[in-house]
Amino acid sequence: MNEDIQAKLGTKFPGIIAEFKSPRKARIYFRLNGGQFKDVLAYLMKDLGYSHLSTITAIDNGTAFEAVYNLFGKNTGVSMGVKIDRGDPHIETITDIVPGALVYEREIQEMMGIKVDNIPDGRRLIIPENWPQDQYPLRKDWNISMLPESFNDGLLRKWRE
Amino acid sequence: MNELYKIFYLLIFPGFAFLVVYGLLLEWADRKIVARLQNRVGPPWFQPFADFIKLFAKEDITSEKADRFMFAAAPIIALAAVLTTVIFLPLTVPALFSFEGDVVVLAYLLTVPTFAIFLGGWYSVNYFASVGAMRATLLLFSYEVPLLMSLLGPAILAGSWSVSSILAFQANHDWIAVYQPIGFIVALVALVGKLERIPFDIPEAETEIVDGPFCEYTGRKLAIFRLMFDIELVIVASLISLFYLGGFSYGNIFLSALMFFVKTFAVVALVAAVKASFGRIRIDQMIGFCWKYLVPAAVLQYLLIAAAKIWM
Amino acid sequence: MHHTGDITFPVGPQHPALKEPEFFSFDVDGEKVVSADIRLGYSHRGIEKGCEERTYIQALYLVERICGICSHSHATVFCQGVEELMGLEVPKRSLYIRTIVGELERIHSHLLWFGVAAHEVGYDTMFMYSWRDREIVMDLLELATGNRVNYSINTIGGVRRDLTKDQGQILKEGIGEIEKKVLYYMNVGIQEKTFMMRVKDVGVISKEVTEKLAACGPTARGSGVPLDARRDDPYAAYGEIPFEVVTSDKCDVLGRTLVRIGEVLESCKIIKYAIDNLPEGPIAVKAPRKVPEGEVFARYETPRGELVHYIKSNGTEKPERVKVRAPSLGNVMPVKYMLEGYNIADIPIILAAIDPCFSCADRMVRIEGTRNNREMNWQQLRAYGINWYKNK
Amino acid sequence: MLKNLIKWARIKSPWAVHFNSGSCNGCDIEIVSALTPRFDVERFGIVLKGTPRHADVMLATGAVNHHSKSRLKRVYDQMPEPKFVVAVGSCACSGCVFRGCYNILQGIDSVVPVDVYIPGCPPRPDAIIDGVVKLLKKIQET
């Protein structure tokens, strides 16, 4: 059943779909190399029936960022990964297709530092107000010691010694 | 001798000391009944006394933005108003003053605490307090009219405006509740609204606006407010038994004292049962309920009395 | 009373109605709520970063403590994901035991919710009754798993404790009792006049809006959207157990209440069926320490809705990325639409209706209020209130 | 005489306020289930109050995270004197499993002085009651 999905995607967006794998009937994972991911997403959600956006995951695998869009519909889960270069991480917002995605985009923007273009409401989400602006906790190259001392005004007991 | 008796009347027996002790005991009875209905064990008998003493010993915070004088005056005004009602009520011993029209004075004295709560809430400049204060006044308009109408019913029947003479009327006829069952029910429901008990405890709806007008009060002021509520419970319970259940002046002193405790405890038990079996309704539903059902029932009661008076 | 539209009315972070810390500010016009603005992050502990520094087994302990009420759900979905990554064949008996403990957790969570919702409405007797009956389930859970909350019966590759014959018997008796009690709530508790007045057509949200906002769990099922991961994407032993998804098309808080109470009855049936034909066999399989490279998108139906764990592994013994998407996060967007137009008295019951578990969803969104969206803390709010009163 | 009357009153009616500073709410539901019929705490006079203004004992749960540390301090300051803090659960005592996570201050005592620690993840309701009884004994001695 998943082969014809792969065929449909292949004909509609030639050359964009990469690493298509479906370990079991109800799961499809694939990556997009370049190209307009929003049309693929719209096509998946509207025409192929994967209408429920479960979540958007931001991954930092050392060299580049990746935004994985997890969709669900017709008893199968689809995970579509979009590569983002590390230098100037940018991604297009999808709140026009799914208003509910505002939640997940806010989180990527804040946790991983992937700038989401023309997001309707770009304020801070879960990180405390006085968290330093340029630090993104979920990046691989970030760790707790990079927090300035003034941030937790000496309250953090040195649990390591 | 008469002066000494008055002082004794005001300070000890049916006056301040007795009311405080009996009020706290009734609060314990109420909490215990509700707890037992929810099959919990419920607090020990001395719990209200412990709460009262502890609150007196606590630090007294007045938020700096609040108006100091009014913030402190509100609880005292409320307590004073509730305590003065005892002069007109013949609890076991004949009332100190009883003149034509003391029913109206009683009704006025019982609305003063609500205004005091409003002032207290409004001057403590806290969101929850101001919304609670607004609600307390809104509530006043809904239960006050049925309460007054249900109190005036017996007055009309007894043909007089003084509590003692209504009591005398009931001495030789049987209880007014038998003549006016609808008025009795309206009085009970309005009583629950007056005491701001569930299902009408909207001003200090604990889960919505955090103890309403009292959320800025601590220590002594809070203790006085809670004491005011307990004494109000005693006063209104004895009011109901005076007007509808035949009061307490029988032959000897012990029988009337016993009847006093039995009747007030019965009213409190009823109110506690109501508290255990209902949820809290919204302010607009409350006002709708009072004006759609209570007031017409009271008016119907008047028509019945008028009709009865013509034929009798 | 002139228009007080721009008064912001703070609720939280410390507030009796909300079991967890969150900060809602509402633009209020008199008693009517004009718009809601939810700000959270008070229970954000940085679990995802924590998972990346721990091996899979250590991460399991962290994942179990994301949320106290649905700790089994998080543990099960994490173990299922890792087992799928490893391609491990988990014994059938452990799948059945996971399903039994999962359904027990659903019963205790729904009874807990029912009590808290009744408490929001001031109906304390129902709160006391439902929590007293919940103690039966807590005893059953303690019998089966050894702990009342955070039972940690899962391990990667199976289950830690076996369910003996007589334990199964005691479980069935307890479940029978709960069914009797829940039927009592169904026809006495919910029909009670004042509870009905506070719950009927309050916090209404239509079917289309629910779908558009990707709501999930009883919030969606209460508006007629039959979205249930146990049936659409069967995991553990749900493939073999017959059950039907409870939905209602009332679209209001009453609908969600009926769905949740119906689900408790459904769970009782599932547990009885699972205990009757519990297959024989081992309860766990040895799992290798290193997980081969790959990614998995694991889903689970918690009492609050669809929970998603997205795990990416890079061949070492530590996960490269663990993404947790909690059901309450999906339900937060609809709550903004539910709150508008109702008055302050309805705020707690509407918030309680989505059964928010903010500890799971410490990634709560901040929906922008229509009028001013300044972020004010307590002192500023009070100062704002005072000069507002002065020039009123 | 008045002194130990006040002390008796303080012991017999400890009003509690509950603050969750980033806990997994396992401890919170155990605190609430201590109010319910099976472990009823009202028989000791313990009542869960809404505002910190009315309370003497603060039941704090959860390892404090950076966002809620200022709120925790503010709620603590709003409580009138003689106030006590009970740290419920291992997270409140020491940060428990979340040690090392970036958004966590390890435990309640890094923000407010704590009188009684109740370990356990989550502590059983009877452990919470035992903790409060120990707090009352402590008030007895001071």
# chains A, B, ... in the order shown; residues from 1 in each chain; ligands from 1
>>> select_by_dssp(residues="stretch 11-232 of chain C", states="strand (DSSP E or B)", output="PyMOL selection string")
chain C and resi 11+23-29+32-39+154-155+158-159
>>> residues_around(residues="stretch 126-136 of chain C", least_positions_apart="5", cutoff="7 Å", atoms="only C-alpha atoms", output="PyMOL selection string")
(chain B and resi 38) or (chain C and resi 108+111-112+114-116+118-119+174) or (chain D and resi 36-38)
>>> interface_residues(of="chain D", to="chain A", cutoff="9 Å", atoms="only C-alpha atoms", output="list in words")
Asn65, His66, His67, Ser68, Arg99, Gly100, Cys101, Tyr102, Asn103, Ile104, Leu105, Gln106, Ser110 and Val111 of chain D
>>> select_by_dssp(residues="stretch 13-179 of chain C", states="alpha helix (DSSP H)", output="ChimeraX atom specification")
/C:47-52,56-64,71-86,92-120,124-145,165-179
>>> atom_distance(atom1="atom CA of B:Ile117", atom2="atom CA of D:Ala55")
20.4 Å
>>> closest_residue(among="A:Pro120, A:Gly113, A:Pro89, A:Gly15", to="chain C", atoms="only C-alpha atoms")
A:Pro120
>>> closest_atom_pairs(of="chain B", to="chain C", cutoff="6 Å", atoms="only C-alpha atoms", output="tab-separated table")
residue	atom	partner	partner_atom	distance
B:Gln38	CA	C:Thr125	CA	5.5
B:Thr207	CA	C:Ala17	CA	4.6
B:Ala276	CA	C:Thr125	CA	5.9
B:Phe278	CA	C:Tyr123	CA	5.9
B:Gly279	CA	C:Tyr123	CA	3.8
B:Arg280	CA	C:Gly122	CA	4.9
>>> atom_distance(atom1="atom CA of D:Ser23", atom2="atom CA of D:Leu59")
12.2 Å
>>> interface_residues(of="chain D", to="chain C", cutoff="10 Å", atoms="only C-alpha atoms", output="PyMOL selection string")
chain D and resi 17-30+32-33+35-39+48-52+62-69+71-72+74-75+96-105+121-124
>>> residues_around(residues="stretch 102-112 of chain A", least_positions_apart="4", cutoff="8 Å", atoms="only C-alpha atoms", output="PyMOL selection string")
(chain A and resi 55-58+60+93+95+116+119-127+136-139) or (chain C and resi 329+363-365)
>>> write_last_selection(atoms="N, CA and C atoms", output="tab-separated table (two decimals), in the first residue's frame")
chain	number	residue	atom	x	y	z
A	55	THR	N	3.01	16.63	15.29
A	55	THR	CA	3.98	17.56	15.87
A	55	THR	C	5.07	17.88	14.84
A	56	ILE	N	5.88	18.91	15.14
A	56	ILE	CA	7.05	19.22	14.32
A	56	ILE	C	8.27	19.07	15.23
A	57	THR	N	9.24	18.24	14.84
A	57	THR	CA	10.43	17.99	15.68
A	57	THR	C	11.63	18.65	15.04
A	58	ALA	N	12.40	19.36	15.85
A	58	ALA	CA	13.64	19.97	15.33
A	58	ALA	C	14.80	19.11	15.80
A	60	ASP	N	19.08	18.37	15.74
A	60	ASP	CA	20.41	18.92	15.42
A	60	ASP	C	21.37	17.75	15.33
A	93	THR	N	6.64	29.27	7.60
A	93	THR	CA	5.60	28.86	8.57
A	93	THR	C	4.50	28.11	7.83
A	95	THR	N	1.38	27.88	9.38
A	95	THR	CA	0.13	28.13	10.14
A	95	THR	C	-1.02	28.45	9.20
A	116	VAL	N	11.53	31.02	12.14
A	116	VAL	CA	10.36	30.67	11.32
A	116	VAL	C	9.85	31.97	10.69
A	119	ILE	N	5.94	34.24	11.15
A	119	ILE	CA	5.12	33.49	12.11
A	119	ILE	C	4.16	34.51	12.74
A	120	PRO	N	2.87	34.18	12.89
A	120	PRO	CA	1.94	35.20	13.39
A	120	PRO	C	2.29	35.72	14.79
A	121	ASP	N	2.85	34.85	15.65
A	121	ASP	CA	3.06	35.34	17.03
A	121	ASP	C	4.36	34.75	17.52
A	122	GLY	N	5.42	35.58	17.48
A	122	GLY	CA	6.76	35.01	17.66
A	122	GLY	C	7.33	35.15	19.05
A	123	ARG	N	6.50	35.36	20.07
A	123	ARG	CA	7.12	35.62	21.38
A	123	ARG	C	7.63	34.33	22.01
A	124	ARG	N	8.20	34.51	23.17
A	124	ARG	CA	8.86	33.38	23.84
A	124	ARG	C	7.81	32.41	24.39
A	125	LEU	N	8.16	31.18	24.50
A	125	LEU	CA	7.15	30.15	24.78
A	125	LEU	C	7.34	29.57	26.17
A	126	ILE	N	8.35	28.81	26.38
A	126	ILE	CA	8.46	28.09	27.65
A	126	ILE	C	9.70	28.51	28.40
A	127	ILE	N	10.66	29.03	27.70
A	127	ILE	CA	11.92	29.35	28.41
A	127	ILE	C	11.64	30.55	29.32
A	136	TYR	N	20.43	28.68	22.74
A	136	TYR	CA	19.37	27.73	22.40
A	136	TYR	C	19.68	26.39	23.07
A	137	PRO	N	18.92	26.00	24.09
A	137	PRO	CA	19.31	24.85	24.93
A	137	PRO	C	19.40	23.53	24.17
A	138	LEU	N	18.60	23.33	23.12
A	138	LEU	CA	18.57	21.97	22.54
A	138	LEU	C	19.66	21.74	21.50
A	139	ARG	N	20.50	22.75	21.29
A	139	ARG	CA	21.57	22.52	20.31
A	139	ARG	C	22.63	21.64	20.91
C	329	LEU	N	-1.01	19.75	24.93
C	329	LEU	CA	-0.51	20.80	24.03
C	329	LEU	C	-1.48	20.95	22.86
C	363	ARG	N	5.29	22.78	27.06
C	363	ARG	CA	5.62	23.65	25.93
C	363	ARG	C	4.38	24.43	25.56
C	364	MET	N	3.66	24.95	26.57
C	364	MET	CA	2.36	25.57	26.27
C	364	MET	C	2.56	26.80	25.39
C	365	VAL	N	1.63	27.01	24.49
C	365	VAL	CA	1.78	28.13	23.56
C	365	VAL	C	1.31	29.40	24.24
>>> closest_residue(among="A:Asn61, A:Asn118, A:Gln135, A:Asn70", to="A:Leu41", atoms="only C-alpha atoms")
A:Asn70
>>> closest_residue(among="B:Ala223, B:Val131, B:Ala80, B:Ala257", to="chain D", atoms="only C-alpha atoms")
B:Ala223
>>> interface_residues(of="chain D", to="chain B", cutoff="8 Å", atoms="only C-alpha atoms", output="list in words")
Ile6, Trp8, Ala9, Arg10, Lys12, Ser13, Thr36, Pro37, Arg38, Asp40, Glu42, Arg43, Phe44, Gly45, Gly50, Thr51, Arg53, His54, Pro80, Glu81 and Pro82 of chain D
>>> residues_around(residues="stretch 97-104 of chain C", least_positions_apart="2", cutoff="7 Å", atoms="only C-alpha atoms", output="PyMOL selection string")
chain C and resi 72-73+93-95+106-108+137+141+236-237+267+271+274
>>> atom_distance(atom1="atom CA of C:Cys216", atom2="atom CA of C:Lys312")
24.2 Å
>>> residues_around(residues="stretch 44-49 of chain A", least_positions_apart="4", cutoff="8 Å", atoms="only C-alpha atoms", output="NGL selection string")
:A and (40 or 71 or 73-74)
>>> write_last_selection(atoms="N, CA, C and O atoms", output="mmCIF file, in the first residue's frame")
data_model
loop_
_atom_site.group_PDB
_atom_site.id
_atom_site.type_symbol
_atom_site.label_atom_id
_atom_site.label_comp_id
_atom_site.auth_asym_id
_atom_site.auth_seq_id
_atom_site.Cartn_x
_atom_site.Cartn_y
_atom_site.Cartn_z
ATOM 1 N N VAL A 40 4.553 19.950 -0.783
ATOM 2 C CA VAL A 40 4.498 18.498 -0.461
ATOM 3 C C VAL A 40 3.582 18.302 0.760
ATOM 4 O O VAL A 40 2.696 17.450 0.786
ATOM 5 N N LEU A 71 2.903 13.618 10.519
ATOM 6 C CA LEU A 71 1.466 13.697 10.216
ATOM 7 C C LEU A 71 0.833 12.347 10.533
ATOM 8 O O LEU A 71 1.529 11.336 10.679
ATOM 9 N N GLY A 73 -2.920 9.986 9.568
ATOM 10 C CA GLY A 73 -4.227 9.927 8.894
ATOM 11 C C GLY A 73 -4.393 8.561 8.283
ATOM 12 O O GLY A 73 -3.405 7.878 7.988
ATOM 13 N N LYS A 74 -5.665 8.142 8.072
ATOM 14 C CA LYS A 74 -5.940 6.823 7.451
ATOM 15 C C LYS A 74 -5.052 5.750 8.089
ATOM 16 O O LYS A 74 -4.381 4.964 7.405
#
>>> residues_around(residues="B:Ile231", least_positions_apart="6", cutoff="9 Å", atoms="only C-alpha atoms", output="list in words")
Leu19, Val20, Tyr22, Gly23, Leu24, Leu26, Leu79, Val82 and Leu83 of chain B
